[in-house]
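Asks: My file is my_file_34.pdb. It has PDB, C-alpha atoms:
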```pdb
MODEL        1
ATOM      1  CA  MET A   1      50.783   0.390 -34.344
ATOM      2  CA  PRO A   2      51.098  -0.524 -30.633
ATOM      3  CA  ARG A   3      48.056  -1.604 -28.658
ATOM      4  CA  PRO A   4      46.627   1.020 -26.283
ATOM      5  CA  SER A   5      47.742   0.531 -22.674
ATOM      6  CA  THR A   6      44.125   0.886 -21.542
ATOM      7  CA  PRO A   7      41.614  -1.332 -23.388
ATOM      8  CA  LEU A   8      39.095   0.620 -25.462
ATOM      9  CA  LEU A   9      36.310  -1.705 -24.367
ATOM     10  CA  SER A  10      35.223  -2.794 -20.930
ATOM     11  CA  PRO A  11      31.754  -3.724 -19.679
ATOM     12  CA  ASP A  12      31.537  -0.543 -17.593
ATOM     13  CA  ARG A  13      32.610   1.714 -20.464
ATOM     14  CA  ILE A  14      30.248   0.040 -22.930
ATOM     15  CA  ARG A  15      27.299   0.439 -20.522
ATOM     16  CA  SER A  16      28.219   4.023 -19.686
ATOM     17  CA  VAL A  17      28.525   5.177 -23.308
ATOM     18  CA  ALA A  18      25.362   3.289 -24.306
ATOM     19  CA  LEU A  19      23.458   4.953 -21.474
ATOM     20  CA  ASP A  20      24.767   8.368 -22.553
ATOM     21  CA  ILE A  21      23.344   7.699 -26.023
ATOM     22  CA  ILE A  22      19.981   6.593 -24.579
ATOM     23  CA  ASP A  23      19.843   9.649 -22.304
ATOM     24  CA  ARG A  24      20.542  11.921 -25.274
ATOM     25  CA  ASP A  25      18.760  10.194 -28.180
ATOM     26  CA  GLY A  26      16.228   7.834 -26.577
ATOM     27  CA  LEU A  27      15.981   4.054 -26.821
ATOM     28  CA  ASP A  28      15.498   4.147 -30.601
ATOM     29  CA  GLY A  29      18.654   6.229 -30.894
ATOM     30  CA  LEU A  30      20.844   3.404 -29.607
ATOM     31  CA  SER A  31      22.289   1.073 -32.217
ATOM     32  CA  MET A  32      25.348  -1.139 -32.031
ATOM     33  CA  ARG A  33      26.850   0.807 -34.931
ATOM     34  CA  LYS A  34      26.366   4.161 -33.197
ATOM     35  CA  LEU A  35      27.689   2.738 -29.934
ATOM     36  CA  ALA A  36      30.768   1.344 -31.656
ATOM     37  CA  ALA A  37      31.468   4.706 -33.310
ATOM     38  CA  SER A  38      31.143   6.484 -29.955
ATOM     39  CA  LEU A  39      33.580   3.982 -28.435
ATOM     40  CA  GLY A  40      36.036   4.367 -31.322
ATOM     41  CA  VAL A  41      35.830   0.734 -32.466
ATOM     42  CA  GLN A  42      34.174  -1.320 -35.194
ATOM     43  CA  ALA A  43      30.710  -2.755 -34.464
ATOM     44  CA  ALA A  44      32.083  -6.289 -34.768
ATOM     45  CA  SER A  45      34.386  -5.599 -31.808
ATOM     46  CA  LEU A  46      31.367  -5.065 -29.537
ATOM     47  CA  TYR A  47      30.030  -8.561 -30.051
ATOM     48  CA  GLY A  48      32.971 -10.020 -28.145
ATOM     49  CA  HIS A  49      31.621  -8.156 -25.104
ATOM     50  CA  VAL A  50      27.868  -7.928 -25.730
ATOM     51  CA  ARG A  51      25.923 -10.609 -27.611
ATOM     52  CA  THR A  52      22.816  -8.554 -28.427
ATOM     53  CA  LYS A  53      21.320  -5.126 -27.926
ATOM     54  CA  ASP A  54      18.749  -6.672 -25.558
ATOM     55  CA  GLN A  55      21.540  -8.106 -23.418
ATOM     56  CA  LEU A  56      23.161  -4.671 -23.337
ATOM     57  CA  LEU A  57      19.869  -3.032 -22.315
ATOM     58  CA  ASN A  58      19.385  -5.602 -19.563
ATOM     59  CA  ASP A  59      22.942  -4.982 -18.322
ATOM     60  CA  ILE A  60      22.267  -1.220 -18.274
ATOM     61  CA  ALA A  61      18.971  -1.811 -16.469
ATOM     62  CA  SER A  62      20.703  -3.903 -13.823
ATOM     63  CA  SER A  63      23.288  -1.192 -13.221
ATOM     64  CA  ILE A  64      20.627   1.525 -12.927
ATOM     65  CA  LEU A  65      18.461  -0.508 -10.576
ATOM     66  CA  ALA A  66      21.335  -1.566  -8.323
ATOM     67  CA  SER A  67      20.492   1.402  -6.087
ATOM     68  CA  VAL A  68      16.907   0.274  -5.407
ATOM     69  CA  ASP A  69      16.609  -0.062  -1.625
ATOM     70  CA  VAL A  70      14.806  -3.129  -0.295
ATOM     71  CA  SER A  71      16.253  -2.878   3.223
ATOM     72  CA  GLY A  72      12.966  -1.532   4.603
ATOM     73  CA  PHE A  73      11.375  -4.961   4.383
ATOM     74  CA  SER A  74      13.479  -5.963   7.385
ATOM     75  CA  VAL A  75      11.499  -3.339   9.351
ATOM     76  CA  ASP A  76       8.016  -4.139   8.007
ATOM     77  CA  TRP A  77       6.235  -4.430   4.675
ATOM     78  CA  ARG A  78       4.967  -0.820   4.700
ATOM     79  CA  GLU A  79       8.433   0.648   5.244
ATOM     80  CA  GLY A  80       9.743  -1.763   2.625
ATOM     81  CA  LEU A  81       7.262  -0.525   0.023
ATOM     82  CA  LEU A  82       7.995   3.140   0.792
ATOM     83  CA  ARG A  83      11.799   2.830   0.611
ATOM     84  CA  CYS A  84      11.636   0.614  -2.456
ATOM     85  CA  ALA A  85       9.307   2.970  -4.349
ATOM     86  CA  ARG A  86      11.270   6.118  -3.499
ATOM     87  CA  SER A  87      14.643   4.673  -4.447
ATOM     88  CA  TYR A  88      13.196   3.044  -7.581
ATOM     89  CA  ARG A  89      11.735   6.368  -8.724
ATOM     90  CA  ALA A  90      15.023   8.169  -8.015
ATOM     91  CA  ALA A  91      16.936   5.616 -10.102
ATOM     92  CA  LEU A  92      14.500   5.840 -13.008
ATOM     93  CA  SER A  93      14.147   9.629 -12.901
ATOM     94  CA  SER A  94      17.856   9.961 -13.622
ATOM     95  CA  HIS A  95      17.403   8.098 -16.918
ATOM     96  CA  PRO A  96      13.781   8.505 -18.099
ATOM     97  CA  ASN A  97      14.494   7.384 -21.661
ATOM     98  CA  ILE A  98      15.124   3.800 -20.539
ATOM     99  CA  VAL A  99      11.898   3.613 -18.504
ATOM    100  CA  PRO A 100       9.823   2.145 -21.402
ATOM    101  CA  PHE A 101      12.275  -0.762 -21.636
ATOM    102  CA  LEU A 102      12.144  -1.369 -17.884
ATOM    103  CA  ALA A 103       8.350  -1.137 -17.837
ATOM    104  CA  TYR A 104       8.151  -4.532 -19.560
ATOM    105  CA  GLY A 105       9.156  -6.178 -16.275
ATOM    106  CA  PRO A 106      12.236  -7.818 -14.789
ATOM    107  CA  ALA A 107      12.759 -10.280 -17.682
ATOM    108  CA  GLY A 108      15.757 -12.459 -16.806
ATOM    109  CA  ARG A 109      17.626  -9.855 -14.778
ATOM    110  CA  ASP A 110      18.746 -11.806 -11.726
ATOM    111  CA  GLU A 111      19.151  -8.745  -9.466
ATOM    112  CA  SER A 112      15.647  -7.483 -10.324
ATOM    113  CA  LEU A 113      14.149 -10.917  -9.708
ATOM    114  CA  GLN A 114      15.959 -11.154  -6.353
ATOM    115  CA  ARG A 115      14.483  -7.811  -5.258
ATOM    116  CA  LEU A 116      11.032  -8.836  -6.456
ATOM    117  CA  ASP A 117      11.357 -12.168  -4.667
ATOM    118  CA  LEU A 118      12.243 -10.358  -1.429
ATOM    119  CA  LEU A 119       9.331  -7.935  -1.817
ATOM    120  CA  HIS A 120       6.900 -10.735  -2.641
ATOM    121  CA  GLY A 121       8.146 -12.877   0.239
ATOM    122  CA  ALA A 122       7.832 -10.019   2.735
ATOM    123  CA  LEU A 123       4.229  -9.410   1.696
ATOM    124  CA  VAL A 124       3.287 -13.102   1.873
ATOM    125  CA  ASP A 125       5.008 -13.407   5.269
ATOM    126  CA  ALA A 126       2.931 -10.423   6.452
ATOM    127  CA  GLY A 127      -0.273 -12.312   5.619
ATOM    128  CA  TRP A 128      -1.081 -11.270   2.068
ATOM    129  CA  SER A 129      -1.981 -14.026  -0.365
ATOM    130  CA  ARG A 130       0.367 -14.707  -3.276
ATOM    131  CA  ARG A 131      -2.140 -13.133  -5.650
ATOM    132  CA  GLU A 132      -2.491 -10.035  -3.468
ATOM    133  CA  ALA A 133       1.299  -9.750  -3.133
ATOM    134  CA  THR A 134       1.607  -9.832  -6.925
ATOM    135  CA  MET A 135      -1.081  -7.163  -7.279
ATOM    136  CA  ILE A 136       0.577  -4.956  -4.631
ATOM    137  CA  ALA A 137       3.941  -5.212  -6.386
ATOM    138  CA  ALA A 138       2.294  -4.384  -9.720
ATOM    139  CA  GLY A 139       0.397  -1.437  -8.219
ATOM    140  CA  LEU A 140       3.595  -0.084  -6.723
ATOM    141  CA  MET A 141       5.334  -0.315 -10.094
ATOM    142  CA  TYR A 142       2.456   1.532 -11.795
ATOM    143  CA  ILE A 143       2.982   4.444  -9.426
ATOM    144  CA  VAL A 144       6.775   4.384  -9.776
ATOM    145  CA  PHE A 145       6.923   4.027 -13.558
ATOM    146  CA  GLY A 146       4.140   6.512 -14.191
ATOM    147  CA  SER A 147       5.918   9.051 -12.037
ATOM    148  CA  ALA A 148       9.310   8.470 -13.643
ATOM    149  CA  LEU A 149       8.055   8.338 -17.227
ATOM    150  CA  SER A 150       6.469  11.744 -17.456
ATOM    151  CA  SER A 151       5.941  15.058 -15.745
ATOM    152  CA  PHE A 152       2.325  16.121 -15.409
ATOM    153  CA  SER A 153       3.250  19.599 -14.218
ATOM    154  CA  SER A 154       5.700  20.482 -16.976
ATOM    155  CA  GLY A 155       3.060  19.662 -19.601
ATOM    156  CA  PHE A 156       1.326  23.003 -19.051
ATOM    157  CA  SER A 157       1.966  26.181 -21.002
ATOM    158  CA  ALA A 158       3.741  29.008 -19.140
ATOM    159  CA  ASP A 159       1.590  31.574 -20.961
ATOM    160  CA  PRO A 160      -1.293  32.778 -18.725
ATOM    161  CA  ALA A 161      -3.292  33.722 -21.823
ATOM    162  CA  ASP A 162      -3.721  30.030 -22.643
ATOM    163  CA  TYR A 163      -5.945  29.620 -19.577
ATOM    164  CA  SER A 164      -7.269  33.065 -18.618
ATOM    165  CA  GLY A 165     -10.987  33.511 -19.167
ATOM    166  CA  ARG A 166     -11.397  30.013 -20.584
ATOM    167  CA  TYR A 167     -10.587  27.728 -17.675
ATOM    168  CA  PRO A 168     -11.530  29.454 -14.424
ATOM    169  CA  HIS A 169     -10.163  26.664 -12.224
ATOM    170  CA  LEU A 170      -6.833  26.620 -14.106
ATOM    171  CA  ASP A 171      -6.122  30.339 -13.800
ATOM    172  CA  ARG A 172      -2.752  29.553 -12.171
ATOM    173  CA  ALA A 173      -1.836  26.591 -14.378
ATOM    174  CA  HIS A 174       0.796  28.690 -16.168
ATOM    175  CA  LEU A 175       2.843  28.585 -12.925
ATOM    176  CA  LEU A 176       3.079  24.788 -12.879
ATOM    177  CA  PRO A 177       6.089  24.375 -15.215
ATOM    178  CA  GLY A 178       8.164  26.536 -12.869
ATOM    179  CA  VAL A 179       7.557  24.203  -9.927
ATOM    180  CA  ALA A 180       7.290  20.973 -11.903
ATOM    181  CA  ARG A 181      10.066  19.066 -10.130
ATOM    182  CA  GLU A 182       8.715  19.851  -6.650
ATOM    183  CA  LEU A 183       5.094  19.262  -7.612
ATOM    184  CA  ASP A 184       5.853  15.999  -9.395
ATOM    185  CA  ARG A 185       7.756  14.750  -6.320
ATOM    186  CA  ASP A 186       4.945  15.774  -3.971
ATOM    187  CA  SER A 187       2.325  14.201  -6.258
ATOM    188  CA  PHE A 188       4.307  10.948  -6.260
ATOM    189  CA  GLU A 189       4.527  11.038  -2.453
ATOM    190  CA  LEU A 190       0.764  11.666  -2.196
ATOM    191  CA  ALA A 191      -0.050   8.721  -4.460
ATOM    192  CA  LEU A 192       2.461   6.453  -2.693
ATOM    193  CA  ALA A 193       1.164   7.345   0.793
ATOM    194  CA  ALA A 194      -2.451   6.852  -0.297
ATOM    195  CA  PHE A 195      -1.571   3.483  -1.841
ATOM    196  CA  VAL A 196       0.239   2.170   1.237
ATOM    197  CA  ARG A 197      -2.355   3.542   3.674
ATOM    198  CA  GLY A 198      -5.134   2.070   1.553
ATOM    199  CA  LEU A 199      -3.565  -1.362   1.829
TER     200      LEU A 199
ENDMDL
END
```
Give the structure from this file in structure tokens form.

Replies:
Amino acid sequence: MPRPSTPLLSPDRIRSVALDIIDRDGLDGLSMRKLAASLGVQAASLYGHVRTKDQLLNDIASSILASVDVSGFSVDWREGLLRCARSYRAALSSHPNIVPFLAYGPAGRDESLQRLDLLHGALVDAGWSRREATMIAAGLMYIVFGSALSSFSSGFSADPADYSGRYPHLDRAHLLPGVARELDRDSFELALAAFVRGL
């Protein structure tokens, strides 16, 4: 049987199919066996391209976070934090199932560490202590990851009877799921603005 003219496996294709599985089935739904089946190869064939599942997850994380914008730090630290947080949230919101993996921190991902180094350096150069810069970066990530990981607004029932007569201040809570995307975005912006202004 002749070899296919286009290789079945490439780093981009492996990452793309693995991310499709994570988006559909969650982090626990990704296994090397399932990935191999989706790619039309044997699991052993993957190990020539990816050593471990953790390496694969870190490669996927790097590709997702490549769009995080740190250019604002060339303007000033406030603009840097705002642009970074907004682009970070946008990247994570597209793939919420991988957020728990990313929430553990940058690990050994060189691109993530470079962005963090730039952020940290900009804050220290602006007069913050190293400890304060670390706390600011952590606080920013709490806002970003919390926002990307869940939707507060869509967690409400759309049935008015669930609130009527029992919760007088939530008499319109049944409308929240219908505007969840907008409200979640605006809530993120409120928290981000308050955080940066507070600093």

Asks: Can you tell me, as a PDB file with C-alpha atoms, in the coordinates of the input, what residues are no more than 10 Å from Ser129 in chain A when counting all atoms listed in the file, ignoring any on the same chain fewer than 6 positions away?

Replies:
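around-v7.pdb, freshly written:
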```pdb
ATOM      1  CA  HIS A 120       6.900 -10.735  -2.641  1.00  0.00           C
ATOM      2  CA  LEU A 123       4.229  -9.410   1.696  1.00  0.00           C
ATOM      3  CA  MET A 135      -1.081  -7.163  -7.279  1.00  0.00           C
TER       4      MET A 135
END
```

Asks: Nearest residue to Gln55 in chain A out of A:Gly108, A:Asp28, A:Leu39, A:Ala158, using only C-alpha atoms?

Replies: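 The answer is A:Gly108, which sits nearest to Gln55 in chain A.
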
Asks: Between A:Leu19, A:Ala91, A:Leu175, A:Ile60, which one has atoms that come closest to Asp162 in chain A, using all atoms listed in the file?

Replies: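 Of A:Leu19, A:Ala91, A:Leu175, A:Ile60, the one nearest Asp162 in chain A is A:Leu175, counting all atoms listed in the file.
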
Asks: When distances are computed from all atoms listed in the file, which of A:Asn97, A:Phe152, A:Asn58, A:Gly80 shows the smallest separation from Glu111 in chain A?

Replies: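 For Glu111 in chain A, the nearest of the given residues is A:Asn58.
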
Asks: Report the residues retrieved by the PyMOL selection byres ((chain A and resi 32) around 8) from the displayed file, expressed as a list in words.

Replies: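 On this input, the PyMOL selection byres ((chain A and resi 32) around 8) captures Leu30, Ser31, Arg33, Lys34, Leu35, Ala36, Ala43, Leu46 and Lys53 of chain A.
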
Asks: Write the residues you've just listed into a file as an mmCIF file, in the frame of the given file, and include C-alpha atoms for each of them.

Replies:
```cif
data_model
loop_
_atom_site.group_PDB
_atom_site.id
_atom_site.type_symbol
_atom_site.label_atom_id
_atom_site.label_comp_id
_atom_site.auth_asym_id
_atom_site.auth_seq_id
_atom_site.Cartn_x
_atom_site.Cartn_y
_atom_site.Cartn_z
ATOM 1 C CA LEU A 30 20.844 3.404 -29.607
ATOM 2 C CA SER A 31 22.289 1.073 -32.217
ATOM 3 C CA ARG A 33 26.850 0.807 -34.931
ATOM 4 C CA LYS A 34 26.366 4.161 -33.197
ATOM 5 C CA LEU A 35 27.689 2.738 -29.934
ATOM 6 C CA ALA A 36 30.768 1.344 -31.656
ATOM 7 C CA ALA A 43 30.710 -2.755 -34.464
ATOM 8 C CA LEU A 46 31.367 -5.065 -29.537
ATOM 9 C CA LYS A 53 21.320 -5.126 -27.926
#
```

Asks: On this structure, the PyMOL selection byres ((chain A and resi 145) around 9) would catch which residues? List them as a list in words, sorted by chain and number.

Replies: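 Output from the PyMOL selection byres ((chain A and resi 145) around 9), applied to this file: Tyr88, Arg89, Leu92, Val99, Pro100, Leu102, Ala103, Leu140, Met141, Tyr142, Ile143, Val144, Gly146, Ser147, Ala148, Leu149 and Ser150 of chain A.
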
Asks: Please determine, counting all atoms listed in the file, which residue among A:Gly155, A:Gln42, A:Leu170, A:Asp117 has the shortest atom-to-atom distance to Phe73 in chain A.

Replies: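 Between A:Gly155, A:Gln42, A:Leu170, A:Asp117, the residue approaching Phe73 in chain A most closely is A:Asp117.
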
Asks: Tell me, in Å to one decimal, how far CA of Leu118 in chain A is from CA of Arg86 in chain A.

Replies: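 We find that CA of Leu118 in chain A and CA of Arg86 in chain A lie 16.6 Å from each other.
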